$ cat input_9.txt   # compact mmCIF, C-alpha atoms
# COMPACT_ATOMS: atom_id res chain seq x y z
CA MET A 112 13.46 -19.89 26.41
CA ARG A 113 10.03 -21.39 27.01
CA ILE A 114 7.02 -20.47 24.91
CA GLY A 115 5.64 -18.26 27.72
CA GLU A 116 8.81 -16.16 27.71
CA LEU A 117 8.71 -15.90 23.88
CA SER A 118 5.11 -14.70 24.21
CA ARG A 119 6.03 -12.08 26.84
CA ARG A 120 8.94 -10.74 24.79
CA THR A 121 6.99 -10.37 21.55
CA GLY A 122 3.49 -9.64 22.85
CA VAL A 123 2.12 -12.54 20.78
CA PRO A 124 -0.28 -14.82 22.75
CA VAL A 125 0.84 -18.43 23.30
CA PRO A 126 -2.08 -19.97 21.30
CA THR A 127 -1.18 -17.70 18.35
CA ILE A 128 2.46 -18.83 18.49
CA LYS A 129 1.32 -22.46 18.50
CA TYR A 130 -0.95 -21.74 15.53
CA TYR A 131 1.97 -20.23 13.55
CA VAL A 132 4.05 -23.37 14.28
CA ARG A 133 1.21 -25.64 13.11
CA GLU A 134 0.84 -23.54 9.92
CA GLY A 135 4.56 -23.82 9.21
CA LEU A 136 5.24 -20.09 9.50
CA LEU A 137 7.44 -20.54 12.57
CA PRO A 138 9.86 -23.48 13.01
CA PRO A 139 8.98 -25.67 16.01
CA GLY A 140 11.03 -25.24 19.18
CA GLU A 141 13.60 -27.83 20.24
CA LEU A 142 11.98 -30.51 22.40
CA THR A 143 13.57 -30.58 25.86
CA SER A 144 11.02 -33.05 27.26
CA PRO A 145 7.98 -34.78 25.72
CA ASN A 146 5.80 -31.81 26.68
CA GLN A 147 8.18 -28.90 26.54
CA ALA A 148 9.98 -27.06 23.74
CA SER A 149 12.71 -24.47 23.87
CA TYR A 150 12.77 -21.40 21.61
CA GLY A 151 15.72 -19.17 20.67
CA ASP A 152 16.54 -15.78 19.17
CA PRO A 153 15.75 -16.89 15.59
CA HIS A 154 12.22 -17.75 16.73
CA GLU A 155 11.82 -14.34 18.35
CA ARG A 156 13.11 -12.60 15.24
CA ARG A 157 10.87 -14.60 12.89
CA LEU A 158 7.86 -13.96 15.11
CA ARG A 159 8.46 -10.19 15.06
CA LEU A 160 8.80 -10.37 11.27
CA ILE A 161 5.47 -12.21 10.91
CA ARG A 162 3.71 -9.63 13.10
CA ALA A 163 5.18 -6.69 11.19
CA LEU A 164 4.14 -8.14 7.81
CA LEU A 165 0.67 -8.88 9.21
CA GLU A 166 -0.05 -5.68 11.15
CA VAL A 167 1.79 -2.96 9.26
CA GLY A 168 2.19 -4.61 5.86
CA GLY A 169 -1.39 -5.87 5.81
CA LEU A 170 -0.33 -9.20 4.24
CA SER A 171 -2.48 -12.30 4.69
CA LEU A 172 -1.00 -15.30 6.53
CA ALA A 173 -0.99 -17.20 3.20
CA ALA A 174 1.07 -14.43 1.55
CA ILE A 175 3.42 -14.31 4.54
CA GLY A 176 3.94 -18.08 4.21
CA GLU A 177 4.94 -17.70 0.56
CA VAL A 178 7.29 -14.82 1.31
CA LEU A 179 8.97 -16.75 4.13
CA ASP A 180 9.43 -19.75 1.80
CA ALA A 181 11.41 -17.46 -0.52
CA VAL A 182 13.45 -16.16 2.44
CA ASP A 183 14.23 -19.74 3.54
CA ASP A 184 15.11 -21.16 0.10
CA LYS A 185 18.90 -21.46 0.39
CA ASP A 186 19.51 -22.96 -3.06
CA ARG A 187 18.76 -19.99 -5.26
CA PRO A 188 21.23 -17.25 -6.19
CA VAL A 189 20.65 -14.00 -4.35
CA HIS A 190 19.26 -11.85 -7.12
CA LYS A 191 16.78 -14.60 -8.10
CA VAL A 192 15.58 -14.87 -4.51
CA LEU A 193 15.22 -11.09 -4.38
CA GLY A 194 13.11 -11.24 -7.52
CA ALA A 195 10.97 -14.12 -6.20
CA ALA A 196 10.41 -12.34 -2.88
CA ALA A 197 9.48 -9.12 -4.69
CA ASP A 198 7.06 -11.00 -6.99
CA ARG A 199 5.26 -12.51 -4.03
CA LEU A 200 4.78 -9.08 -2.49
CA VAL A 201 2.71 -7.91 -5.46
CA PRO A 202 -1.00 -8.62 -5.03
CA GLY A 203 -2.09 -11.25 -7.54
CA HIS A 204 -4.64 -9.89 -9.98
CA THR A 205 -6.72 -12.06 -12.23
CA SER A 206 -7.78 -9.38 -14.64
CA GLU A 207 -10.01 -10.45 -17.47
CA PRO A 208 -8.80 -9.46 -20.91
CA ASP A 209 -10.34 -6.10 -21.75
CA ALA A 210 -9.58 -2.98 -23.74
CA GLU A 211 -8.50 -0.86 -20.73
CA THR A 212 -6.00 -3.43 -19.47
CA ASP A 213 -4.54 -3.95 -22.96
CA LEU A 214 -4.09 -0.19 -23.34
CA ALA A 215 -2.55 0.02 -19.86
CA ARG A 216 -0.11 -2.81 -20.69
CA ASP A 217 1.07 -0.83 -23.71
CA LYS A 218 1.64 2.19 -21.47
CA VAL A 219 3.65 0.09 -19.00
CA ALA A 220 5.84 -1.35 -21.78
CA ARG A 221 6.45 2.14 -23.19
CA LEU A 222 7.32 3.57 -19.77
CA ILE A 223 9.79 0.76 -19.04
CA GLY A 224 11.37 1.27 -22.46
CA GLU A 225 11.70 5.03 -22.02
CA ARG A 226 13.20 4.62 -18.56
CA GLY A 227 15.57 1.88 -19.71
CA TRP A 228 14.53 -0.30 -16.79
CA ARG A 229 15.85 -3.88 -16.99
CA VAL A 230 12.57 -5.55 -16.11
CA SER A 231 9.85 -7.31 -18.08
CA PRO A 232 6.48 -5.55 -18.48
CA ALA A 233 4.96 -9.03 -17.97
CA SER A 234 6.49 -9.36 -14.47
CA PRO A 235 4.05 -9.32 -11.54
CA ALA A 236 4.95 -5.69 -10.77
CA GLY A 237 4.42 -4.69 -14.41
CA GLU A 238 1.07 -6.45 -14.44
CA ALA A 239 0.08 -4.82 -11.11
CA LEU A 240 0.88 -1.42 -12.61
CA ALA A 241 -1.24 -2.19 -15.69
CA VAL A 242 -4.15 -3.26 -13.44
CA ALA A 243 -3.93 -0.05 -11.39
CA LEU A 244 -3.74 2.12 -14.53
CA ALA A 245 -6.72 0.28 -16.06
CA ALA A 246 -8.70 0.84 -12.82
CA LEU A 247 -7.94 4.57 -13.03
CA ALA A 248 -9.17 4.65 -16.62
CA ARG A 249 -12.33 2.77 -15.66
CA VAL A 250 -13.29 5.35 -13.00
CA GLY A 251 -12.70 8.17 -15.48
CA HIS A 252 -9.24 9.22 -14.31
CA ALA A 253 -7.00 8.10 -17.16
CA GLY A 254 -5.82 11.73 -17.07
CA PHE A 255 -4.34 11.20 -13.61
CA ALA A 256 -1.99 8.53 -14.93
CA ALA A 257 -1.10 10.61 -17.99
CA GLU A 258 -0.23 13.66 -15.89
CA VAL A 259 1.58 12.11 -12.96
CA LEU A 260 3.15 8.87 -14.25
CA ASP A 261 6.50 10.32 -15.25
CA GLU A 262 6.99 12.20 -11.97
CA TYR A 263 5.93 9.08 -10.06
CA ALA A 264 8.45 7.00 -12.01
CA GLY A 265 11.22 9.49 -11.24
CA ALA A 266 10.33 9.44 -7.54
CA ALA A 267 10.16 5.60 -7.61
CA GLU A 268 13.68 5.46 -9.10
CA ARG A 269 14.94 7.65 -6.29
CA VAL A 270 13.26 5.47 -3.66
CA ALA A 271 14.46 2.21 -5.28
CA ARG A 272 18.04 3.50 -5.43
CA VAL A 273 18.22 4.04 -1.66
CA ASP A 274 16.32 0.75 -1.10
CA VAL A 275 18.94 -1.23 -3.00
CA GLU A 276 21.84 0.70 -1.45
CA TYR A 277 20.56 -0.25 1.98
CA VAL A 278 20.14 -3.89 0.95
CA ALA A 279 23.60 -4.01 -0.65
CA GLY A 280 25.11 -2.94 2.69
CA LYS A 281 23.96 -6.22 4.27
CA ALA A 282 26.62 -8.94 4.26
CA ALA A 283 24.80 -12.17 5.17
CA ARG A 284 22.51 -13.77 2.59
CA GLU A 285 19.73 -14.40 5.10
CA ASP A 286 19.86 -10.75 6.21
CA LEU A 287 19.80 -9.68 2.58
CA VAL A 288 16.55 -11.43 1.68
CA GLU A 289 14.83 -10.60 4.94
CA THR A 290 15.83 -7.00 4.43
CA VAL A 291 14.21 -6.93 0.99
CA VAL A 292 10.98 -8.31 2.43
CA VAL A 293 10.94 -5.92 5.37
CA GLY A 294 12.01 -2.95 3.28
CA THR A 295 9.46 -3.63 0.57
CA VAL A 296 6.44 -4.21 2.80
CA LEU A 297 7.19 -1.71 5.55
CA GLY A 298 8.77 0.66 3.04
CA ASP A 299 5.44 0.89 1.20
CA ALA A 300 3.72 1.76 4.50
CA VAL A 301 6.40 4.38 5.28
CA PHE A 302 6.14 5.93 1.81
CA ALA A 303 2.32 5.94 1.79
CA ALA A 304 2.28 7.76 5.14
CA LEU A 305 4.88 10.28 3.93
CA ARG A 306 2.86 10.88 0.76
CA ARG A 307 -0.24 11.65 2.90
CA LEU A 308 1.72 14.08 5.09
CA ALA A 309 3.21 15.83 2.06
CA GLN A 310 -0.25 15.94 0.43
CA VAL A 311 -1.76 17.68 3.46
CA ASP A 312 1.05 20.22 3.30
CA ALA A 313 0.75 20.77 -0.48
CA SER A 314 -3.05 20.92 -0.16
CA ALA A 315 -2.87 23.53 2.63
CA ARG A 316 -0.55 25.67 0.52
CA THR A 317 -2.84 25.36 -2.52
CA PHE A 318 -6.39 25.49 -1.13
CA GLU A 319 -6.22 27.45 2.15
CA ALA A 320 -6.39 31.22 2.07
CA GLY A 321 -3.24 32.93 3.38
CA MET B 125 -31.28 1.63 -17.06
CA ARG B 126 -32.41 -1.52 -15.27
CA ILE B 127 -30.21 -3.29 -12.72
CA GLY B 128 -29.35 -6.04 -15.26
CA GLU B 129 -27.93 -3.44 -17.65
CA LEU B 130 -25.97 -1.78 -14.82
CA SER B 131 -24.56 -5.22 -13.97
CA ARG B 132 -23.55 -5.90 -17.60
CA ARG B 133 -21.87 -2.50 -17.98
CA THR B 134 -19.80 -2.76 -14.81
CA GLY B 135 -19.26 -6.52 -14.55
CA VAL B 136 -20.67 -6.48 -11.01
CA PRO B 137 -23.24 -9.27 -10.36
CA VAL B 138 -26.83 -8.18 -9.61
CA PRO B 139 -26.88 -9.66 -6.06
CA THR B 140 -23.68 -7.73 -5.27
CA ILE B 141 -25.24 -4.48 -6.52
CA LYS B 142 -28.29 -5.12 -4.30
CA TYR B 143 -26.00 -5.80 -1.36
CA TYR B 144 -24.18 -2.47 -1.87
CA VAL B 145 -27.56 -0.66 -1.95
CA ARG B 146 -28.64 -2.39 1.30
CA GLU B 147 -25.33 -1.44 2.94
CA GLY B 148 -25.77 2.20 1.90
CA LEU B 149 -22.69 2.28 -0.35
CA LEU B 150 -24.77 2.83 -3.48
CA PRO B 151 -27.92 5.03 -3.56
CA PRO B 152 -31.08 3.11 -4.43
CA GLY B 153 -32.40 3.40 -7.98
CA GLU B 154 -35.51 5.43 -8.75
CA LEU B 155 -38.62 3.25 -8.46
CA THR B 156 -40.46 3.06 -11.78
CA SER B 157 -42.92 0.40 -10.58
CA PRO B 158 -43.35 -1.36 -7.22
CA ASN B 159 -40.86 -4.02 -8.31
CA GLN B 160 -38.54 -2.17 -10.64
CA ALA B 161 -35.92 0.52 -10.15
CA SER B 162 -34.06 2.61 -12.70
CA TYR B 163 -30.35 3.42 -12.41
CA GLY B 164 -28.36 6.21 -14.06
CA ASP B 165 -24.81 7.30 -14.85
CA PRO B 166 -24.07 8.39 -11.25
CA HIS B 167 -24.83 4.83 -10.12
CA GLU B 168 -22.52 3.39 -12.73
CA ARG B 169 -19.75 5.80 -11.75
CA ARG B 170 -20.15 5.12 -8.03
CA LEU B 171 -20.18 1.36 -8.65
CA ARG B 172 -16.92 1.55 -10.61
CA LEU B 173 -15.39 3.62 -7.79
CA ILE B 174 -16.42 1.04 -5.17
CA ARG B 175 -14.89 -1.79 -7.22
CA ALA B 176 -11.63 0.11 -7.78
CA LEU B 177 -11.24 0.90 -4.07
CA LEU B 178 -12.05 -2.72 -3.22
CA GLU B 179 -10.02 -4.58 -5.84
CA VAL B 180 -7.02 -2.35 -6.49
CA GLY B 181 -6.98 -0.27 -3.32
CA GLY B 182 -7.57 -3.26 -1.06
CA LEU B 183 -9.95 -1.25 1.19
CA SER B 184 -12.60 -3.04 3.25
CA LEU B 185 -16.28 -2.30 2.56
CA ALA B 186 -16.44 -0.54 5.94
CA ALA B 187 -13.54 1.75 4.99
CA ILE B 188 -15.11 2.41 1.58
CA GLY B 189 -18.35 3.41 3.33
CA GLU B 190 -16.51 5.95 5.48
CA VAL B 191 -14.62 7.37 2.51
CA LEU B 192 -17.84 7.74 0.49
CA ASP B 193 -19.48 9.54 3.44
CA ALA B 194 -16.68 12.12 3.25
CA VAL B 195 -17.15 12.40 -0.53
CA ASP B 196 -20.92 12.95 -0.08
CA ASP B 197 -20.72 15.47 2.79
CA LYS B 198 -21.63 18.71 0.97
CA ASP B 199 -21.46 20.99 4.03
CA ARG B 200 -17.76 21.02 4.67
CA PRO B 201 -15.24 23.37 3.02
CA VAL B 202 -13.12 21.65 0.37
CA HIS B 203 -9.78 21.49 2.15
CA LYS B 204 -11.47 20.05 5.28
CA VAL B 205 -13.16 17.35 3.20
CA LEU B 206 -9.84 16.59 1.54
CA GLY B 207 -8.27 16.21 4.98
CA ALA B 208 -11.12 14.01 6.24
CA ALA B 209 -10.97 11.80 3.16
CA ALA B 210 -7.19 11.46 3.48
CA ASP B 211 -7.51 10.61 7.20
CA ARG B 212 -9.94 7.79 6.44
CA LEU B 213 -7.52 6.31 3.92
CA VAL B 214 -4.88 5.73 6.59
CA PRO B 215 -5.21 2.32 8.26
CA GLY B 216 -6.26 2.77 11.88
CA HIS B 217 -3.60 1.50 14.27
CA THR B 218 -4.23 0.90 17.93
CA SER B 219 -0.63 0.82 19.00
CA GLU B 220 0.01 0.25 22.68
CA PRO B 221 2.26 2.83 24.30
CA ASP B 222 5.81 1.53 24.09
CA ALA B 223 9.36 2.81 23.83
CA GLU B 224 9.72 2.16 20.06
CA THR B 225 6.55 4.04 19.15
CA ASP B 226 7.47 6.99 21.40
CA LEU B 227 10.90 7.17 19.76
CA ALA B 228 9.30 6.90 16.32
CA ARG B 229 6.86 9.74 17.13
CA ASP B 230 9.83 11.98 18.02
CA LYS B 231 11.40 11.13 14.65
CA VAL B 232 8.17 11.97 12.82
CA ALA B 233 7.84 15.33 14.61
CA ARG B 234 11.48 16.15 13.82
CA LEU B 235 11.10 15.22 10.15
CA ILE B 236 7.94 17.34 9.77
CA GLY B 237 9.71 20.26 11.43
CA GLU B 238 12.79 19.97 9.22
CA ARG B 239 10.67 19.75 6.08
CA GLY B 240 8.45 22.64 7.16
CA TRP B 241 5.35 20.58 6.39
CA ARG B 242 2.10 22.19 7.59
CA VAL B 243 0.69 19.07 9.19
CA SER B 244 0.40 17.75 12.73
CA PRO B 245 2.58 14.79 13.74
CA ALA B 246 -0.52 13.58 15.64
CA SER B 247 -2.60 13.34 12.43
CA PRO B 248 -3.57 9.83 11.26
CA ALA B 249 -0.82 9.91 8.61
CA GLY B 250 1.78 11.02 11.18
CA GLU B 251 0.68 8.26 13.52
CA ALA B 252 0.74 5.69 10.67
CA LEU B 253 4.31 6.74 9.89
CA ALA B 254 5.30 6.35 13.56
CA VAL B 255 3.73 2.86 13.65
CA ALA B 256 5.62 1.79 10.50
CA LEU B 257 8.93 3.18 11.81
CA ALA B 258 8.38 1.44 15.16
CA ALA B 259 7.68 -1.85 13.35
CA LEU B 260 10.96 -1.47 11.42
CA ALA B 261 12.83 -0.89 14.71
CA ARG B 262 11.16 -3.94 16.27
CA VAL B 263 12.36 -6.26 13.48
CA GLY B 264 15.90 -4.91 13.80
CA HIS B 265 15.82 -2.50 10.85
CA ALA B 266 15.82 0.90 12.54
CA GLY B 267 18.81 1.53 10.26
CA PHE B 268 16.58 1.30 7.19
CA ALA B 269 14.50 4.24 8.36
CA ALA B 270 17.60 6.22 9.35
CA GLU B 271 19.23 5.72 5.95
CA VAL B 272 16.29 6.13 3.61
CA LEU B 273 13.81 8.44 5.37
CA ASP B 274 15.11 11.70 3.97
CA GLU B 275 15.21 10.44 0.36
CA TYR B 276 11.73 8.94 0.81
CA ALA B 277 10.44 12.27 2.13
CA GLY B 278 11.93 14.12 -0.86
CA ALA B 279 10.32 11.65 -3.26
CA ALA B 280 6.99 11.92 -1.37
CA GLU B 281 7.07 15.72 -1.74
CA ARG B 282 7.57 15.31 -5.48
CA VAL B 283 4.67 12.85 -5.74
CA ALA B 284 2.37 14.98 -3.54
CA ARG B 285 3.11 18.08 -5.62
CA VAL B 286 1.86 16.45 -8.85
CA ASP B 287 -1.05 14.85 -6.91
CA VAL B 288 -2.29 18.24 -5.73
CA GLU B 289 -1.66 19.89 -9.10
CA TYR B 290 -3.89 17.29 -10.73
CA VAL B 291 -6.59 17.75 -8.07
CA ALA B 292 -6.42 21.56 -8.36
CA GLY B 293 -7.19 21.24 -12.08
CA LYS B 294 -10.64 19.82 -11.27
CA ALA B 295 -13.38 22.45 -11.22
CA ALA B 296 -16.40 20.75 -9.62
CA ARG B 297 -16.34 20.09 -5.88
CA GLU B 298 -17.65 16.54 -6.24
CA ASP B 299 -14.98 15.75 -8.81
CA LEU B 300 -12.38 17.27 -6.50
CA VAL B 301 -13.09 15.02 -3.55
CA GLU B 302 -13.59 11.89 -5.62
CA THR B 303 -10.31 12.65 -7.34
CA VAL B 304 -8.49 12.81 -4.01
CA VAL B 305 -9.92 9.44 -3.00
CA VAL B 306 -9.13 7.79 -6.33
CA GLY B 307 -5.70 9.40 -6.58
CA THR B 308 -4.75 8.48 -3.05
CA VAL B 309 -5.85 4.84 -3.11
CA LEU B 310 -5.00 3.97 -6.71
CA GLY B 311 -1.98 6.29 -6.61
CA ASP B 312 -0.52 4.18 -3.78
CA ALA B 313 -0.99 1.06 -5.93
CA VAL B 314 0.61 2.78 -8.94
CA PHE B 315 3.57 3.99 -6.90
CA ALA B 316 4.10 0.64 -5.15
CA ALA B 317 4.20 -1.13 -8.54
CA LEU B 318 6.62 1.46 -9.94
CA ARG B 319 8.85 1.08 -6.89
CA ARG B 320 8.98 -2.72 -7.47
CA LEU B 321 9.86 -2.25 -11.14
CA ALA B 322 12.58 0.28 -10.31
CA GLN B 323 13.87 -2.04 -7.56
CA VAL B 324 14.23 -4.94 -9.99
CA ASP B 325 16.17 -2.65 -12.31
CA ALA B 326 18.40 -1.24 -9.53
CA SER B 327 18.90 -4.75 -8.15
CA ALA B 328 19.90 -6.14 -11.57
CA ARG B 329 22.46 -3.34 -11.97
CA THR B 330 23.86 -3.95 -8.48
CA PHE B 331 23.81 -7.73 -8.01
CA GLU B 332 24.03 -9.28 -11.48
CA ALA B 333 27.41 -9.78 -13.08
CA GLY B 334 27.84 -7.84 -16.32
$ encode --input "input_9.txt" --output "structure tokens"
Amino acid sequence: MRIGELSRRTGVPVPTIKYYVREGLLPPGELTSPNQASYGDPHERRLRLIRALLEVGGLSLAAIGEVLDAVDDKDRPVHKVLGAAADRLVPGHTSEPDAETDLARDKVARLIGERGWRVSPASPAGEALAVALAALARVGHAGFAAEVLDEYAGAAERVARVDVEYVAGKAAREDLVETVVVGTVLGDAVFAALRRLAQVDASARTFEAG
Amino acid sequence: MRIGELSRRTGVPVPTIKYYVREGLLPPGELTSPNQASYGDPHERRLRLIRALLEVGGLSLAAIGEVLDAVDDKDRPVHKVLGAAADRLVPGHTSEPDAETDLARDKVARLIGERGWRVSPASPAGEALAVALAALARVGHAGFAAEVLDEYAGAAERVARVDVEYVAGKAAREDLVETVVVGTVLGDAVFAALRRLAQVDASARTFEAG
């Protein structure tokens, strides 16, 4: 199809599509004449993926580029690619060394040990957890983490189990990695919205009379 | 304390503190001379809250301003303020009317009905869920939502129950609302990191030999 048709199908303006091609996020179309390129289903699919990561996932274009590089890297074994894709979906934090973060890192290591999770506390996700726990402590809510962390971890295990079951049902390698990316980014948005809905319900039952 | 001391204690540069005061995010200090203002513990606490929402929560300054307005509005009953604060923590989506979003809205209404949640599907959180489900459908992963939604909802109920229990333990109204804001924004970051850690573990058990 021509670029105009690709634009109509996806709702993405033509100049934006051209920008994504220039930035290397979208492969160029096949040239059918010096001034005209032809685009196919993979372009449409990739374009929809970029928009979903951008609009619902809230990722920057730079982060999307890194994630797509992991998706497109055919030389790595599947579980390494899954790990690399997951790592790039964790916001990078450059936390200065301080007492709160050191304490939080200890908590993360202890939690992982107690749960028997096969993952390093020093992984990007472990570090992101330590940063979030340290931020809670800094605003005077270390108690929040202490009270809720174990229930949160149990709920996260439940969510991760169905995540991986869904991913394992995908046969093709490309599908597999794309599924992890989509499931992780959009899955966070789905879970955050569900948590808000369930909070409103739990709050109504707790704080409203009757 | 003087602004320099407030800056040292919180690690926020003086010009940034002045900017927050100009933007109305931070109340001005008490003038002790025409050129000097004095800041207290509430300033330090508010400043730490702003930084946590910005750095860990990923909220924009505009969104932080709206959330703080809800925290500071003393005239509303508690559960209404909780609702207003929660609503402002959901990213605003201006989704055009389309078939996927309509279908997703039906799914959200059905889920809320089945769960018996006391919340409107048209609330910001309900709409955010519909937008995320529609985005999944658009990238060819409607199956993800179909397979995982019920387990996600069960896990969200579990998380929301401990969230509200923690909030209910706070006596002062100001603490209550601030706790909801902190718990919601930083709680999302905590849960997302835990989900990644649990995913790596579940993935290792599923995809690695041995």
$ atom_distance --input "input_9.txt" --atom1 "atom CA of A:Thr127" --atom2 "atom CA of A:Ile114"
10.9 Å
$ residues_near_point --input "input_9.txt" --point "(-2.6, 0.6, -0.8)" --cutoff "6 Å" --atoms "all atoms listed in the file" --output "PyMOL selection string"
chain B and resi 181+309+312-313
$ residues_around --input "input_9.txt" --residues "A:Val273" --least-positions-apart "5" --cutoff "8 Å" --atoms "all atoms listed in the file" --output "count of residues only"
3
$ closest_residue --input "input_9.txt" --among "A:Ala253, A:Ile161, A:Val132, A:Ala271" --to "chain B" --atoms "all atoms listed in the file"
A:Ala271
$ closest_residue --input "input_9.txt" --among "A:Val291, A:Asp184, A:Arg156, A:Pro232" --to "B:Gly264" --atoms "all atoms listed in the file"
A:Arg156
$ residues_around --input "input_9.txt" --residues "stretch 319-334 of chain B" --least-positions-apart "3" --cutoff "8 Å" --atoms "all atoms listed in the file" --output "PyMOL selection string"
(chain A and resi 189-190+194+197+228-230+236-237+264+267-268+270-272+274-275+279) or (chain B and resi 315-316)
$ closest_residue --input "input_9.txt" --among "B:Leu171, B:Ala186, B:Ala279, B:Arg262" --to "B:Pro137" --atoms "all atoms listed in the file"
B:Leu171
